[in-house]
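> Quick one: this structure, given as C-alpha cells, is what I'll be asking you about.
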Amino acid sequence: MPGRLVTTAHKGGRADPGGLGAHSGEVFHGTDRLLRVDLPGAHLEATIEPDLRWPRPVWGGSSVFQIVPALNQYWHPWLLGGRATGRVTVAEDEFSFTDAQVYGEKNWGRGGFPEAWWWGQAHGFADEGACVAFAGGQVGAGPLRTEVTGLVVRLPDGRLVRLGDPVVTPVRATVGDDRWQLSGRSSRWRIDVEAHAPVGQAHVLPVPLPSEHRNTAGALEHLTGDLRVVVREWGRVVWSAYSAMAGLERGGLALAQRELARRGGRPTPDGAPLIPV
C-alpha cells in the first residue's frame with residue numbers, strides 16, 4: 001500500500017531454545033544464517049554470512065547486567081559485521097542484493113520493552129569493518145529503576161571497545177526529537193557519538209505488550225540517519241568517522257502515540273496500528 005506501513009500480529013511465535021533463531025508459522029523464519037519474511041504483498045529472503053561475531057565469550061553487550069535476574073530489558077550485539085545476499089519483493093517490484101552489510105543483535109527481558117529507550121547502529125563507514133552500536137533505557141527489576149546506556153565500537157583495526165557500566169565506564173545519553181548524543185569514557189577510552197534524523201521522517205513501529213497479547217505503536221524508527229563518532233585512546237584521537245546509513249530509534253508508548261496522533265493515524269480494532277508514513 002503506497003505511503004503506508006501496515007503491521008499485523010501473528011500467533012504462534014517461538015524462539016529457538018538452543019541457539020539464535022525465531023519463528024512464527026510461515027510468516028517469519030530467522031536464524032544466524034537465514035532470514036525469510038512472507039507477508040501479504042511483501043516477501044524477503046536472504047542468506048547471511050556472519051563474519052564478525054561478538055568476540056568475548058563471557059560478557060555481552062549488557063556486561064554485568066546480563067547476570068542480574070528479572071530485568072525488563074537486556075541487549076547483546078552478537079553480530080558486528082556480516083554479509084547478506086537475497087531478494088525483496090514489494091507488490092510488483094523486486095530488488096536483489098549481494099554482500100550487503102549486516103548487523104544483528106538480541107533483545108530480551110521480562111514484560112516487554114522499557115518505559116523509554118533509545119538505540120542506534122551504523123555501518124557504512126569508509127572502513128567497512130567498523131561498527132557502532134548503542135542501546136539504552138530505563139532498566140528495572142521490581143521497584144528498582146535506573147537508566148543505563150551501552151555503547152560498542154568495533155574499530156577499523158579490529159579492536160572492540162565497550163562502555164556502559166554505570167560506575168567504571170559510564171555513558172551519558174541525551175536524546176531529543178531529532179538527535180542522539182552519547183559520551184562514554186573509561187580510564188583508557190573516550191567515545192563521543194552524535195546522530196541526527198528528522199522526527200517527521202521516522203516510521204512509527206509497533207511493539208508487543210506480552211501481558212495483553214497484542215501490539216501497539218511504541219517506537220520511532222529511522223533507517224537512514226546521520227552519525228558521527230570520535231574515539232580517543234589515552235586522550236588521542238584514533239578514529240573519527242561519519243555514516244549516512246545509521247539506524248536510529250526512540251521508544252516509548254506515550255512518545256509513539258503522540259507522533260501517531262500528530263500524523264492522523266489510528267489503531268485498528270485488533271491493536272495493530274495502520275500508520276501513515
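Ligands are numbered from 1 in the order shown, chains are lettered A, B, ... in the order of the C-alpha cells, and residues start at 1 in each chain.
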For stretch 237-251 of chain A, please output as an MDAnalysis selection string all residues within 8 Å (counting only C-alpha atoms; exclusion window: fewer than 3 positions along the same chain).
chainID A and resid 115:126 155 197 218:233 255:256
> Leaving out A:Gly200 and any residue of its chain fewer than 3 positions from it, which residues lie within 9 Å of it when counting only C-alpha atoms, given as a ChimeraX atom specification?
/A:178,197,203,259,263,277
> Run DSSP on the backbone and give me the residues of stretch 54-162 of chain A it puts in strand (DSSP E or B), as number ranges by chain.
A: 74-90, 93-108, 117-122, 131-141, 144-154, 160-162
> Can you tell me, as a PyMOL selection string, what residues are no more than 9 Å from stretch 19-32 of chain A when counting only C-alpha atoms, ignoring any on the same chain fewer than 4 positions away?
chain A and resi 10-15+36-39+47-50+79+104+106
> Kindly give the distance, in Å, that separates atom CA of A:Leu253 and atom CA of A:Gln138, rounded to a single decimal.
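Result for atom CA of A:Leu253 versus atom CA of A:Gln138: 13.2 Å, one decimal.
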> Find, counting only C-alpha atoms, the residue in A:Gly150, A:Pro198, A:Pro156, A:Gly164 that gets nearest to A:Asp177.
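Between A:Gly150, A:Pro198, A:Pro156, A:Gly164, the residue approaching A:Asp177 most closely is A:Pro198.
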> For a test of reading the model, state the distance in Å between atom CA of A:Phe97 and atom CA of A:Ala84, rounded to one decimal.
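Atom CA of A:Ala84 lies 7.7 Å from atom CA of A:Phe97.
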> If you run DSSP on the backbone here, which positions in stretch 43-199 of chain A get helix (DSSP H, G or I)? Please write them as an MDAnalysis selection string.
chainID A and resid 63:67 199
> Find the spatial neighbours of A:Pro170, counting only C-alpha atoms, within a cut-off of 8 Å - ignore same-chain residues fewer than 5 positions away - and output them as JSON, numbers by chain.
{"A": [149, 163, 164, 165, 184, 185, 186]}
> Mind writing the picked residues with C-alpha atoms as a CSV table (one decimal), in the first residue's frame?

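The file below, out-v6.csv, is the result:
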chain,number,residue,atom,x,y,z
A,149,THR,CA,23.3,3.0,28.1
A,163,LEU,CA,31.4,1.2,27.5
A,164,GLY,CA,28.4,1.4,29.7
A,165,ASP,CA,29.0,0.1,33.2
A,184,GLY,CA,31.2,7.5,27.3
A,185,ARG,CA,34.6,7.1,29.0
A,186,SER,CA,36.9,4.8,30.9
> Just to confirm, what's the straight-line distance from atom CA of A:Gly129 to atom CA of A:Gly158 in Å (one decimal)?
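Separation of atom CA of A:Gly129 and atom CA of A:Gly158: 7.4 Å.
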